file query-v3.cif (mmCIF, C-alpha atoms; chains and numbers go by the auth columns)
data_protein
#
loop_
_atom_site.group_PDB
_atom_site.id
_atom_site.type_symbol
_atom_site.label_atom_id
_atom_site.label_comp_id
_atom_site.label_asym_id
_atom_site.label_seq_id
_atom_site.Cartn_x
_atom_site.Cartn_y
_atom_site.Cartn_z
_atom_site.B_iso_or_equiv
_atom_site.auth_seq_id
_atom_site.auth_asym_id
ATOM 1 C CA MET A 1 -30.425 33.712 38.195 0.00 1 C
ATOM 2 C CA VAL A 2 -33.722 32.110 39.069 0.00 2 C
ATOM 3 C CA TYR A 3 -36.692 32.665 36.760 0.00 3 C
ATOM 4 C CA LYS A 4 -40.169 32.132 38.070 0.00 4 C
ATOM 5 C CA ASN A 5 -41.651 32.407 34.615 0.00 5 C
ATOM 6 C CA LYS A 6 -40.653 29.707 32.074 0.00 6 C
ATOM 7 C CA GLU A 7 -41.162 32.035 29.149 0.00 7 C
ATOM 8 C CA ASP A 8 -38.651 34.544 30.536 0.00 8 C
ATOM 9 C CA TYR A 9 -36.120 31.769 31.051 0.00 9 C
ATOM 10 C CA LYS A 10 -36.600 30.486 27.488 0.00 10 C
ATOM 11 C CA GLU A 11 -36.147 34.016 26.168 0.00 11 C
ATOM 12 C CA TYR A 12 -32.941 34.394 28.181 0.00 12 C
ATOM 13 C CA GLN A 13 -31.610 31.071 26.809 0.00 13 C
ATOM 14 C CA LYS A 14 -32.417 32.103 23.255 0.00 14 C
ATOM 15 C CA LYS A 15 -30.551 35.420 23.596 0.00 15 C
ATOM 16 C CA TRP A 16 -27.571 33.755 25.247 0.00 16 C
ATOM 17 C CA ARG A 17 -27.305 31.158 22.448 0.00 17 C
ATOM 18 C CA GLU A 18 -27.417 33.857 19.758 0.00 18 C
ATOM 19 C CA LYS A 19 -24.741 35.890 21.543 0.00 19 C
ATOM 20 C CA ASN A 20 -22.446 32.855 22.107 0.00 20 C
ATOM 21 C CA LYS A 21 -22.940 30.979 18.835 0.00 21 C
ATOM 22 C CA ASP A 22 -19.205 30.437 18.166 0.00 22 C
ATOM 23 C CA TYR A 23 -18.497 29.249 21.674 0.00 23 C
ATOM 24 C CA ILE A 24 -21.338 26.721 21.599 0.00 24 C
ATOM 25 C CA HIS A 25 -20.345 25.439 18.170 0.00 25 C
ATOM 26 C CA ASN A 26 -16.656 24.961 19.048 0.00 26 C
ATOM 27 C CA TYR A 27 -17.433 23.513 22.472 0.00 27 C
ATOM 28 C CA SER A 28 -19.902 20.965 21.119 0.00 28 C
ATOM 29 C CA ILE A 29 -17.486 19.890 18.369 0.00 29 C
ATOM 30 C CA THR A 30 -14.576 19.358 20.768 0.00 30 C
ATOM 31 C CA LYS A 31 -16.762 17.638 23.368 0.00 31 C
ATOM 32 C CA GLY A 32 -18.315 15.489 20.653 0.00 32 C
ATOM 33 C CA ARG A 33 -14.877 14.469 19.388 0.00 33 C
ATOM 34 C CA GLU A 34 -13.659 13.667 22.875 0.00 34 C
ATOM 35 C CA ASN A 35 -16.724 11.582 23.626 0.00 35 C
ATOM 36 C CA SER A 36 -16.553 9.704 20.329 0.00 36 C
ATOM 37 C CA LYS A 37 -12.845 8.961 20.894 0.00 37 C
ATOM 38 C CA LYS A 38 -13.588 7.602 24.367 0.00 38 C
ATOM 39 C CA THR A 39 -16.435 5.478 23.060 0.00 39 C
ATOM 40 C CA TYR A 40 -14.292 4.155 20.218 0.00 40 C
ATOM 41 C CA GLN A 41 -11.456 3.235 22.585 0.00 41 C
ATOM 42 C CA LYS A 42 -13.915 1.449 24.839 0.00 42 C
ATOM 43 C CA HIS A 43 -15.501 -0.601 22.037 0.00 43 C
ATOM 44 C CA LYS A 44 -12.590 -0.719 19.564 0.00 44 C
ATOM 45 C CA LEU A 45 -12.572 -4.491 19.086 0.00 45 C
ATOM 46 C CA ILE A 46 -16.317 -4.651 18.494 0.00 46 C
ATOM 47 C CA TYR A 47 -16.192 -1.830 15.920 0.00 47 C
ATOM 48 C CA ARG A 48 -13.284 -3.430 14.084 0.00 48 C
ATOM 49 C CA LYS A 49 -14.995 -6.817 13.977 0.00 49 C
ATOM 50 C CA LYS A 50 -18.198 -5.261 12.620 0.00 50 C
ATOM 51 C CA SER A 51 -16.236 -3.351 10.007 0.00 51 C
ATOM 52 C CA ARG A 52 -14.331 -6.468 8.941 0.00 52 C
ATOM 53 C CA ASP A 53 -17.558 -8.508 8.734 0.00 53 C
ATOM 54 C CA ARG A 54 -19.265 -5.783 6.701 0.00 54 C
ATOM 55 C CA TYR A 55 -16.324 -5.726 4.286 0.00 55 C
ATOM 56 C CA ILE A 56 -16.298 -9.523 3.907 0.00 56 C
ATOM 57 C CA ASN A 57 -20.052 -9.647 3.286 0.00 57 C
ATOM 58 C CA ASN A 58 -19.898 -6.860 0.684 0.00 58 C
ATOM 59 C CA LYS A 59 -16.484 -7.508 -0.870 0.00 59 C
ATOM 60 C CA ASP A 60 -17.656 -7.311 -4.494 0.00 60 C
ATOM 61 C CA LYS A 61 -19.562 -4.068 -3.917 0.00 61 C
ATOM 62 C CA GLU A 62 -16.555 -2.572 -2.113 0.00 62 C
ATOM 63 C CA LYS A 63 -14.193 -3.479 -4.964 0.00 63 C
ATOM 64 C CA ILE A 64 -16.524 -1.894 -7.519 0.00 64 C
ATOM 65 C CA ARG A 65 -16.909 1.216 -5.353 0.00 65 C
ATOM 66 C CA ASN A 66 -13.144 1.506 -4.809 0.00 66 C
ATOM 67 C CA THR A 67 -12.395 1.011 -8.497 0.00 67 C
ATOM 68 C CA LYS A 68 -14.909 3.671 -9.456 0.00 68 C
ATOM 69 C CA TYR A 69 -13.462 6.089 -6.891 0.00 69 C
ATOM 70 C CA HIS A 70 -9.903 5.512 -8.110 0.00 70 C
ATOM 71 C CA GLU A 71 -10.881 6.064 -11.727 0.00 71 C
ATOM 72 C CA GLU A 72 -12.685 9.312 -10.921 0.00 72 C
ATOM 73 C CA ASN A 73 -10.042 10.680 -8.527 0.00 73 C
ATOM 74 C CA ARG A 74 -6.763 9.442 -9.975 0.00 74 C
ATOM 75 C CA ASP A 75 -5.069 12.860 -9.817 0.00 75 C
ATOM 76 C CA LYS A 76 -6.284 13.583 -6.304 0.00 76 C
ATOM 77 C CA ILE A 77 -4.936 10.227 -5.070 0.00 77 C
ATOM 78 C CA ARG A 78 -1.593 10.776 -6.788 0.00 78 C
ATOM 79 C CA ILE A 79 -1.238 14.229 -5.187 0.00 79 C
ATOM 80 C CA ARG A 80 -2.183 12.813 -1.773 0.00 80 C
ATOM 81 C CA LYS A 81 0.493 10.112 -2.091 0.00 81 C
ATOM 82 C CA LEU A 82 3.100 12.640 -3.176 0.00 82 C
ATOM 83 C CA ASN A 83 2.255 14.912 -0.254 0.00 83 C
ATOM 84 C CA TYR A 84 2.526 11.951 2.118 0.00 84 C
ATOM 85 C CA ARG A 85 5.912 10.928 0.722 0.00 85 C
ATOM 86 C CA ASN A 86 7.182 14.506 0.965 0.00 86 C
ATOM 87 C CA LYS A 87 6.722 14.623 4.735 0.00 87 C
ATOM 88 C CA PRO A 88 10.205 14.724 6.311 0.00 88 C
ATOM 89 C CA GLU A 89 9.714 11.706 8.604 0.00 89 C
ATOM 90 C CA VAL A 90 8.270 9.565 5.783 0.00 90 C
ATOM 91 C CA ARG A 91 10.938 10.651 3.301 0.00 91 C
ATOM 92 C CA LYS A 92 13.635 9.784 5.818 0.00 92 C
ATOM 93 C CA ARG A 93 12.134 6.322 6.402 0.00 93 C
ATOM 94 C CA LEU A 94 11.796 5.642 2.665 0.00 94 C
ATOM 95 C CA ASN A 95 15.363 6.784 1.986 0.00 95 C
ATOM 96 C CA ILE A 96 16.717 4.562 4.738 0.00 96 C
ATOM 97 C CA LYS A 97 14.847 1.542 3.354 0.00 97 C
ATOM 98 C CA SER A 98 16.036 2.144 -0.210 0.00 98 C
ATOM 99 C CA LYS A 99 19.627 2.722 0.930 0.00 99 C
ATOM 100 C CA VAL A 100 19.600 -0.471 3.002 0.00 100 C
ATOM 101 C CA TYR A 101 18.187 -2.388 0.023 0.00 101 C
ATOM 102 C CA ARG A 102 20.812 -0.934 -2.335 0.00 102 C
ATOM 103 C CA ILE A 103 23.652 -1.699 0.060 0.00 103 C
ATOM 104 C CA ARG A 104 22.391 -5.213 0.776 0.00 104 C
ATOM 105 C CA ASN A 105 22.024 -6.019 -2.934 0.00 105 C
ATOM 106 C CA MET A 106 24.982 -4.051 -4.264 0.00 106 C
ATOM 107 C CA ASP A 107 26.907 -7.133 -5.420 0.00 107 C
ATOM 108 C CA LYS A 108 23.838 -8.534 -7.179 0.00 108 C
ATOM 109 C CA ASN A 109 23.092 -5.235 -8.908 0.00 109 C
ATOM 110 C CA ILE A 110 26.673 -4.875 -10.126 0.00 110 C
ATOM 111 C CA THR A 111 26.603 -8.448 -11.449 0.00 111 C
ATOM 112 C CA ARG A 112 23.260 -7.885 -13.210 0.00 112 C
ATOM 113 C CA ASP A 113 24.493 -4.708 -14.890 0.00 113 C
ATOM 114 C CA LYS A 114 27.697 -6.358 -16.027 0.00 114 C
ATOM 115 C CA THR A 115 25.752 -9.296 -17.484 0.00 115 C
ATOM 116 C CA LYS A 116 23.254 -7.037 -19.279 0.00 116 C
ATOM 117 C CA HIS A 117 26.050 -5.232 -21.090 0.00 117 C
ATOM 118 C CA SER A 118 28.222 -8.256 -21.787 0.00 118 C
ATOM 119 C CA TYR A 119 25.482 -10.715 -22.806 0.00 119 C
ATOM 120 C CA PRO A 120 22.549 -8.985 -24.535 0.00 120 C
ATOM 121 C CA LEU A 121 19.167 -10.755 -24.669 0.00 121 C
ATOM 122 C CA LYS A 122 18.478 -9.988 -28.318 0.00 122 C
ATOM 123 C CA ASP A 123 17.815 -13.036 -30.569 0.00 123 C
ATOM 124 C CA LYS A 124 18.166 -15.537 -27.711 0.00 124 C
ATOM 125 C CA LYS A 125 15.871 -18.485 -26.992 0.00 125 C
ATOM 126 C CA CYS A 126 14.762 -19.882 -23.661 0.00 126 C
ATOM 127 C CA GLU A 127 17.042 -22.718 -22.564 0.00 127 C
ATOM 128 C CA PHE A 128 14.085 -24.780 -21.312 0.00 128 C
ATOM 129 C CA CYS A 129 11.150 -24.245 -23.672 0.00 129 C
ATOM 130 C CA SER A 130 12.932 -22.641 -26.685 0.00 130 C
ATOM 131 C CA SER A 131 10.351 -19.876 -26.953 0.00 131 C
ATOM 132 C CA ASP A 132 11.029 -16.455 -28.450 0.00 132 C
ATOM 133 C CA ALA A 133 9.207 -14.672 -25.652 0.00 133 C
ATOM 134 C CA LYS A 134 10.717 -11.873 -23.587 0.00 134 C
ATOM 135 C CA HIS A 135 13.805 -13.293 -21.918 0.00 135 C
ATOM 136 C CA HIS A 136 15.658 -12.839 -18.667 0.00 136 C
ATOM 137 C CA HIS A 137 19.043 -13.713 -17.309 0.00 137 C
ATOM 138 C CA HIS A 138 18.547 -16.175 -14.473 0.00 138 C
ATOM 139 C CA PHE A 139 21.623 -16.429 -12.290 0.00 139 C
ATOM 140 C CA THR A 140 22.782 -19.651 -10.713 0.00 140 C
ATOM 141 C CA LYS A 141 24.833 -19.973 -7.573 0.00 141 C
ATOM 142 C CA PRO A 142 27.514 -18.775 -7.054 0.00 142 C
ATOM 143 C CA TYR A 143 26.210 -15.401 -8.229 0.00 143 C
ATOM 144 C CA GLU A 144 28.649 -14.430 -10.985 0.00 144 C
ATOM 145 C CA PHE A 145 28.138 -12.378 -14.112 0.00 145 C
ATOM 146 C CA ASN A 146 28.969 -15.241 -16.496 0.00 146 C
ATOM 147 C CA LYS A 147 26.950 -17.985 -14.751 0.00 147 C
ATOM 148 C CA PHE A 148 23.355 -17.579 -15.908 0.00 148 C
ATOM 149 C CA TRP A 149 20.644 -19.056 -18.123 0.00 149 C
ATOM 150 C CA TYR A 150 18.588 -17.348 -20.808 0.00 150 C
ATOM 151 C CA VAL A 151 14.978 -17.985 -19.753 0.00 151 C
ATOM 152 C CA CYS A 152 11.580 -16.764 -20.895 0.00 152 C
ATOM 153 C CA LEU A 153 9.165 -14.992 -18.578 0.00 153 C
ATOM 154 C CA GLU A 154 7.069 -18.126 -17.883 0.00 154 C
ATOM 155 C CA CYS A 155 10.052 -20.341 -17.071 0.00 155 C
ATOM 156 C CA HIS A 156 11.576 -17.582 -14.937 0.00 156 C
ATOM 157 C CA ARG A 157 8.370 -17.337 -12.894 0.00 157 C
ATOM 158 C CA LEU A 158 8.252 -21.099 -12.464 0.00 158 C
ATOM 159 C CA ILE A 159 11.875 -21.243 -11.339 0.00 159 C
ATOM 160 C CA HIS A 160 11.175 -18.717 -8.596 0.00 160 C
ATOM 161 C CA LYS A 161 7.791 -20.177 -7.692 0.00 161 C
ATOM 162 C CA GLU A 162 8.788 -23.842 -7.473 0.00 162 C
ATOM 163 C CA GLY A 163 12.427 -23.413 -6.602 0.00 163 C
ATOM 164 C CA GLN A 164 15.350 -23.982 -8.916 0.00 164 C
ATOM 165 C CA ASP A 165 15.959 -27.624 -7.913 0.00 165 C
ATOM 166 C CA VAL A 166 12.315 -28.681 -8.348 0.00 166 C
ATOM 167 C CA PHE A 167 12.065 -26.877 -11.684 0.00 167 C
ATOM 168 C CA LEU A 168 15.235 -28.536 -13.025 0.00 168 C
ATOM 169 C CA GLU A 169 14.063 -31.959 -11.851 0.00 169 C
ATOM 170 C CA ARG A 170 10.725 -31.496 -13.616 0.00 170 C
ATOM 171 C CA GLN A 171 12.447 -30.289 -16.801 0.00 171 C
ATOM 172 C CA ARG A 172 14.723 -33.310 -16.817 0.00 172 C
ATOM 173 C CA TRP A 173 11.738 -35.696 -16.975 0.00 173 C
ATOM 174 C CA LYS A 174 10.046 -33.897 -19.889 0.00 174 C
#

call {"tool": "encode", "arguments": {"input": "query-v3.cif", "output": "structure tokens"}}
result
Amino acid sequence: MVYKNKEDYKEYQKKWREKNKDYIHNYSITKGRENSKKTYQKHKLIYRKKSRDRYINNKDKEKIRNTKYHEENRDKIRIRKLNYRNKPEVRKRLNIKSKVYRIRNMDKNITRDKTKHSYPLKDKKCEFCSSDAKHHHHFTKPYEFNKFWYVCLECHRLIHKEGQDVFLERQRWK
């Protein structure tokens, strides 16, 4: 339809927009999403680099902002995580991982349980620093329920951090 008068054409456009409000709204949203996805795919590396740089430059502000958000929305975050874990594909993946871990470490877990019941930690001292701090059973190789040391939390961390051989060598020279 050709309009010789601009005013008539503008009036027609106005009426058409009012009549087709929903169509225009939905069309512009979907087109906008499609265009933004295309643009993002085209410039993905640039956007990611800018985002990473912005985070590095404002790390302290981001940590404060994230902490504040987590404190204010603790319940919302917990519900979101639960909903995510309840999705069938995620639940299946998590179950498989936990089953594999349990199967892989079954011997160790049985040994740990046996040791806990047979050799309680109450009133024991660390074999290296003689402290009365919270103690652990640290197993030596071969992994058997009666081959372990009573160690405090600090010594246990050091054993795993430095390695058992290095830790024992250092203790010998003290």

call {"tool": "atom_distance", "arguments": {"input": "query-v3.cif", "atom1": "atom CA of Lys76 of chain C", "atom2": "atom CA of Ile64 of chain C"}}
result
18.6 Å

call {"tool": "residues_around", "arguments": {"input": "query-v3.cif", "residues": "segment 100-108 of chain C", "least_positions_apart": "3", "cutoff": "12 Å", "atoms": "only C-alpha atoms", "output": "PyMOL selection string"}}
result
chain C and resi 93-97+111-115+138-145

call {"tool": "residues_around", "arguments": {"input": "query-v3.cif", "residues": "segment 146-153 of chain C", "least_positions_apart": "3", "cutoff": "12 Å", "atoms": "all atoms listed in the file", "output": "JSON, numbers by chain"}}
result
{"C": [111, 112, 113, 114, 115, 116, 117, 118, 119, 120, 121, 122, 123, 124, 125, 126, 127, 128, 129, 130, 131, 132, 133, 134, 135, 136, 137, 138, 139, 140, 141, 142, 143, 156, 157, 158, 159, 160, 164]}

call {"tool": "atom_distance", "arguments": {"input": "query-v3.cif", "atom1": "atom CA of Arg80 of chain C", "atom2": "atom CA of Asn66 of chain C"}}
result
16.0 Å

call {"tool": "atom_distance", "arguments": {"input": "query-v3.cif", "atom1": "atom CA of Lys61 of chain C", "atom2": "atom CA of Tyr47 of chain C"}}
result
20.2 Å

call {"tool": "closest_residue", "arguments": {"input": "query-v3.cif", "among": "C:Lys37, C:His70, C:Phe167, C:Ile46", "to": "Cys155 of chain C", "atoms": "only C-alpha atoms"}}
result
C:Phe167

call {"tool": "decode", "arguments": {"input": "query-v3.cif", "residues": "segment 38-161 of chain C", "atoms": "C-alpha atoms", "output": "PDB file, in the first residue's frame"}}
result
ATOM      1  CA  LYS C  38      25.698 -14.475  16.928  1.00  0.00           C
ATOM      2  CA  THR C  39      27.653 -11.441  18.065  1.00  0.00           C
ATOM      3  CA  TYR C  40      28.862 -13.248  21.179  1.00  0.00           C
ATOM      4  CA  GLN C  41      30.008 -16.267  19.165  1.00  0.00           C
ATOM      5  CA  LYS C  42      31.855 -13.979  16.784  1.00  0.00           C
ATOM      6  CA  HIS C  43      33.683 -12.056  19.527  1.00  0.00           C
ATOM      7  CA  LYS C  44      33.734 -14.705  22.281  1.00  0.00           C
ATOM      8  CA  LEU C  45      37.469 -14.544  22.976  1.00  0.00           C
ATOM      9  CA  ILE C  46      37.483 -10.755  23.200  1.00  0.00           C
ATOM     10  CA  TYR C  47      34.515 -10.727  25.606  1.00  0.00           C
ATOM     11  CA  ARG C  48      36.084 -13.383  27.812  1.00  0.00           C
ATOM     12  CA  LYS C  49      39.407 -11.552  27.944  1.00  0.00           C
ATOM     13  CA  LYS C  50      37.678  -8.288  28.882  1.00  0.00           C
ATOM     14  CA  SER C  51      35.670 -10.051  31.563  1.00  0.00           C
ATOM     15  CA  ARG C  52      38.770 -11.732  32.993  1.00  0.00           C
ATOM     16  CA  ASP C  53      40.699  -8.430  32.994  1.00  0.00           C
ATOM     17  CA  ARG C  54      37.806  -6.629  34.686  1.00  0.00           C
ATOM     18  CA  TYR C  55      37.687  -9.320  37.374  1.00  0.00           C
ATOM     19  CA  ILE C  56      41.453  -9.176  37.973  1.00  0.00           C
ATOM     20  CA  ASN C  57      41.429  -5.377  38.223  1.00  0.00           C
ATOM     21  CA  ASN C  58      38.493  -5.373  40.662  1.00  0.00           C
ATOM     22  CA  LYS C  59      39.145  -8.594  42.584  1.00  0.00           C
ATOM     23  CA  ASP C  60      38.692  -7.081  46.054  1.00  0.00           C
ATOM     24  CA  LYS C  61      35.436  -5.356  45.103  1.00  0.00           C
ATOM     25  CA  GLU C  62      34.142  -8.576  43.525  1.00  0.00           C
ATOM     26  CA  LYS C  63      34.942 -10.614  46.645  1.00  0.00           C
ATOM     27  CA  ILE C  64      33.136  -8.101  48.859  1.00  0.00           C
ATOM     28  CA  ARG C  65      30.155  -8.040  46.488  1.00  0.00           C
ATOM     29  CA  ASN C  66      30.009 -11.848  46.307  1.00  0.00           C
ATOM     30  CA  THR C  67      30.299 -12.214  50.073  1.00  0.00           C
ATOM     31  CA  LYS C  68      27.513  -9.713  50.622  1.00  0.00           C
ATOM     32  CA  TYR C  69      25.299 -11.489  48.078  1.00  0.00           C
ATOM     33  CA  HIS C  70      25.905 -14.889  49.677  1.00  0.00           C
ATOM     34  CA  GLU C  71      25.104 -13.582  53.141  1.00  0.00           C
ATOM     35  CA  GLU C  72      21.860 -11.981  51.971  1.00  0.00           C
ATOM     36  CA  ASN C  73      20.719 -14.891  49.778  1.00  0.00           C
ATOM     37  CA  ARG C  74      21.961 -17.967  51.615  1.00  0.00           C
ATOM     38  CA  ASP C  75      18.611 -19.788  51.430  1.00  0.00           C
ATOM     39  CA  LYS C  76      18.068 -18.949  47.776  1.00  0.00           C
ATOM     40  CA  ILE C  77      21.532 -20.291  46.880  1.00  0.00           C
ATOM     41  CA  ARG C  78      20.976 -23.468  48.888  1.00  0.00           C
ATOM     42  CA  ILE C  79      17.640 -24.099  47.133  1.00  0.00           C
ATOM     43  CA  ARG C  80      19.234 -23.443  43.730  1.00  0.00           C
ATOM     44  CA  LYS C  81      21.987 -25.979  44.469  1.00  0.00           C
ATOM     45  CA  LEU C  82      19.474 -28.555  45.660  1.00  0.00           C
ATOM     46  CA  ASN C  83      17.362 -28.080  42.542  1.00  0.00           C
ATOM     47  CA  TYR C  84      20.469 -28.478  40.384  1.00  0.00           C
ATOM     48  CA  ARG C  85      21.504 -31.673  42.168  1.00  0.00           C
ATOM     49  CA  ASN C  86      17.986 -33.085  41.847  1.00  0.00           C
ATOM     50  CA  LYS C  87      18.086 -33.000  38.048  1.00  0.00           C
ATOM     51  CA  PRO C  88      18.183 -36.622  36.825  1.00  0.00           C
ATOM     52  CA  GLU C  89      21.320 -36.252  34.673  1.00  0.00           C
ATOM     53  CA  VAL C  90      23.242 -34.465  37.455  1.00  0.00           C
ATOM     54  CA  ARG C  91      22.085 -36.913  40.124  1.00  0.00           C
ATOM     55  CA  LYS C  92      23.182 -39.812  37.943  1.00  0.00           C
ATOM     56  CA  ARG C  93      26.628 -38.255  37.414  1.00  0.00           C
ATOM     57  CA  LEU C  94      27.068 -37.528  41.131  1.00  0.00           C
ATOM     58  CA  ASN C  95      25.992 -41.050  42.096  1.00  0.00           C
ATOM     59  CA  ILE C  96      28.417 -42.588  39.626  1.00  0.00           C
ATOM     60  CA  LYS C  97      31.290 -40.487  40.989  1.00  0.00           C
ATOM     61  CA  SER C  98      30.506 -41.341  44.613  1.00  0.00           C
ATOM     62  CA  LYS C  99      30.105 -45.045  43.806  1.00  0.00           C
ATOM     63  CA  VAL C 100      33.416 -45.109  41.930  1.00  0.00           C
ATOM     64  CA  TYR C 101      35.105 -43.345  44.859  1.00  0.00           C
ATOM     65  CA  ARG C 102      33.588 -45.775  47.379  1.00  0.00           C
ATOM     66  CA  ILE C 103      34.580 -48.808  45.327  1.00  0.00           C
ATOM     67  CA  ARG C 104      38.093 -47.500  44.694  1.00  0.00           C
ATOM     68  CA  ASN C 105      38.660 -46.744  48.389  1.00  0.00           C
ATOM     69  CA  MET C 106      36.701 -49.624  49.891  1.00  0.00           C
ATOM     70  CA  ASP C 107      39.761 -51.318  51.411  1.00  0.00           C
ATOM     71  CA  LYS C 108      40.962 -48.044  52.933  1.00  0.00           C
ATOM     72  CA  ASN C 109      37.544 -47.249  54.385  1.00  0.00           C
ATOM     73  CA  ILE C 110      37.214 -50.704  55.931  1.00  0.00           C
ATOM     74  CA  THR C 111      40.696 -50.380  57.445  1.00  0.00           C
ATOM     75  CA  ARG C 112      39.929 -46.902  58.828  1.00  0.00           C
ATOM     76  CA  ASP C 113      36.693 -48.075  60.436  1.00  0.00           C
ATOM     77  CA  LYS C 114      38.363 -51.093  61.980  1.00  0.00           C
ATOM     78  CA  THR C 115      41.148 -48.913  63.404  1.00  0.00           C
ATOM     79  CA  LYS C 116      38.712 -46.332  64.807  1.00  0.00           C
ATOM     80  CA  HIS C 117      36.882 -48.999  66.780  1.00  0.00           C
ATOM     81  CA  SER C 118      39.920 -50.985  67.864  1.00  0.00           C
ATOM     82  CA  TYR C 119      42.231 -48.073  68.745  1.00  0.00           C
ATOM     83  CA  PRO C 120      40.313 -45.048  70.071  1.00  0.00           C
ATOM     84  CA  LEU C 121      41.972 -41.609  69.968  1.00  0.00           C
ATOM     85  CA  LYS C 122      40.964 -40.593  73.480  1.00  0.00           C
ATOM     86  CA  ASP C 123      43.848 -39.606  75.827  1.00  0.00           C
ATOM     87  CA  LYS C 124      46.528 -40.148  73.168  1.00  0.00           C
ATOM     88  CA  LYS C 125      49.446 -37.832  72.395  1.00  0.00           C
ATOM     89  CA  CYS C 126      51.011 -37.006  69.057  1.00  0.00           C
ATOM     90  CA  GLU C 127      53.975 -39.281  68.359  1.00  0.00           C
ATOM     91  CA  PHE C 128      56.022 -36.390  66.939  1.00  0.00           C
ATOM     92  CA  CYS C 129      55.258 -33.259  68.960  1.00  0.00           C
ATOM     93  CA  SER C 130      53.525 -34.793  72.037  1.00  0.00           C
ATOM     94  CA  SER C 131      50.674 -32.297  71.886  1.00  0.00           C
ATOM     95  CA  ASP C 132      47.190 -32.945  73.243  1.00  0.00           C
ATOM     96  CA  ALA C 133      45.529 -31.469  70.178  1.00  0.00           C
ATOM     97  CA  LYS C 134      42.906 -33.271  68.115  1.00  0.00           C
ATOM     98  CA  HIS C 135      44.515 -36.456  66.848  1.00  0.00           C
ATOM     99  CA  HIS C 136      44.316 -38.633  63.777  1.00  0.00           C
ATOM    100  CA  HIS C 137      45.370 -42.102  62.817  1.00  0.00           C
ATOM    101  CA  HIS C 138      47.985 -41.799  60.093  1.00  0.00           C
ATOM    102  CA  PHE C 139      48.462 -45.063  58.246  1.00  0.00           C
ATOM    103  CA  THR C 140      51.807 -46.257  56.981  1.00  0.00           C
ATOM    104  CA  LYS C 141      52.380 -48.594  54.086  1.00  0.00           C
ATOM    105  CA  PRO C 142      51.294 -51.353  53.769  1.00  0.00           C
ATOM    106  CA  TYR C 143      47.818 -50.059  54.610  1.00  0.00           C
ATOM    107  CA  GLU C 144      46.753 -52.249  57.535  1.00  0.00           C
ATOM    108  CA  PHE C 145      44.499 -51.508  60.471  1.00  0.00           C
ATOM    109  CA  ASN C 146      47.234 -52.000  63.088  1.00  0.00           C
ATOM    110  CA  LYS C 147      50.019 -50.066  61.312  1.00  0.00           C
ATOM    111  CA  PHE C 148      49.438 -46.391  62.079  1.00  0.00           C
ATOM    112  CA  TRP C 149      50.698 -43.426  64.094  1.00  0.00           C
ATOM    113  CA  TYR C 150      48.769 -41.179  66.457  1.00  0.00           C
ATOM    114  CA  VAL C 151      49.363 -37.669  65.086  1.00  0.00           C
ATOM    115  CA  CYS C 152      47.976 -34.222  65.811  1.00  0.00           C
ATOM    116  CA  LEU C 153      46.280 -32.108  63.165  1.00  0.00           C
ATOM    117  CA  GLU C 154      49.388 -29.982  62.447  1.00  0.00           C
ATOM    118  CA  CYS C 155      51.734 -32.950  62.067  1.00  0.00           C
ATOM    119  CA  HIS C 156      49.156 -34.772  59.940  1.00  0.00           C
ATOM    120  CA  ARG C 157      48.943 -31.791  57.577  1.00  0.00           C
ATOM    121  CA  LEU C 158      52.719 -31.583  57.355  1.00  0.00           C
ATOM    122  CA  ILE C 159      53.037 -35.292  56.608  1.00  0.00           C
ATOM    123  CA  HIS C 160      50.664 -34.954  53.666  1.00  0.00           C
ATOM    124  CA  LYS C 161      52.077 -31.625  52.516  1.00  0.00           C
TER     125      LYS C 161
END
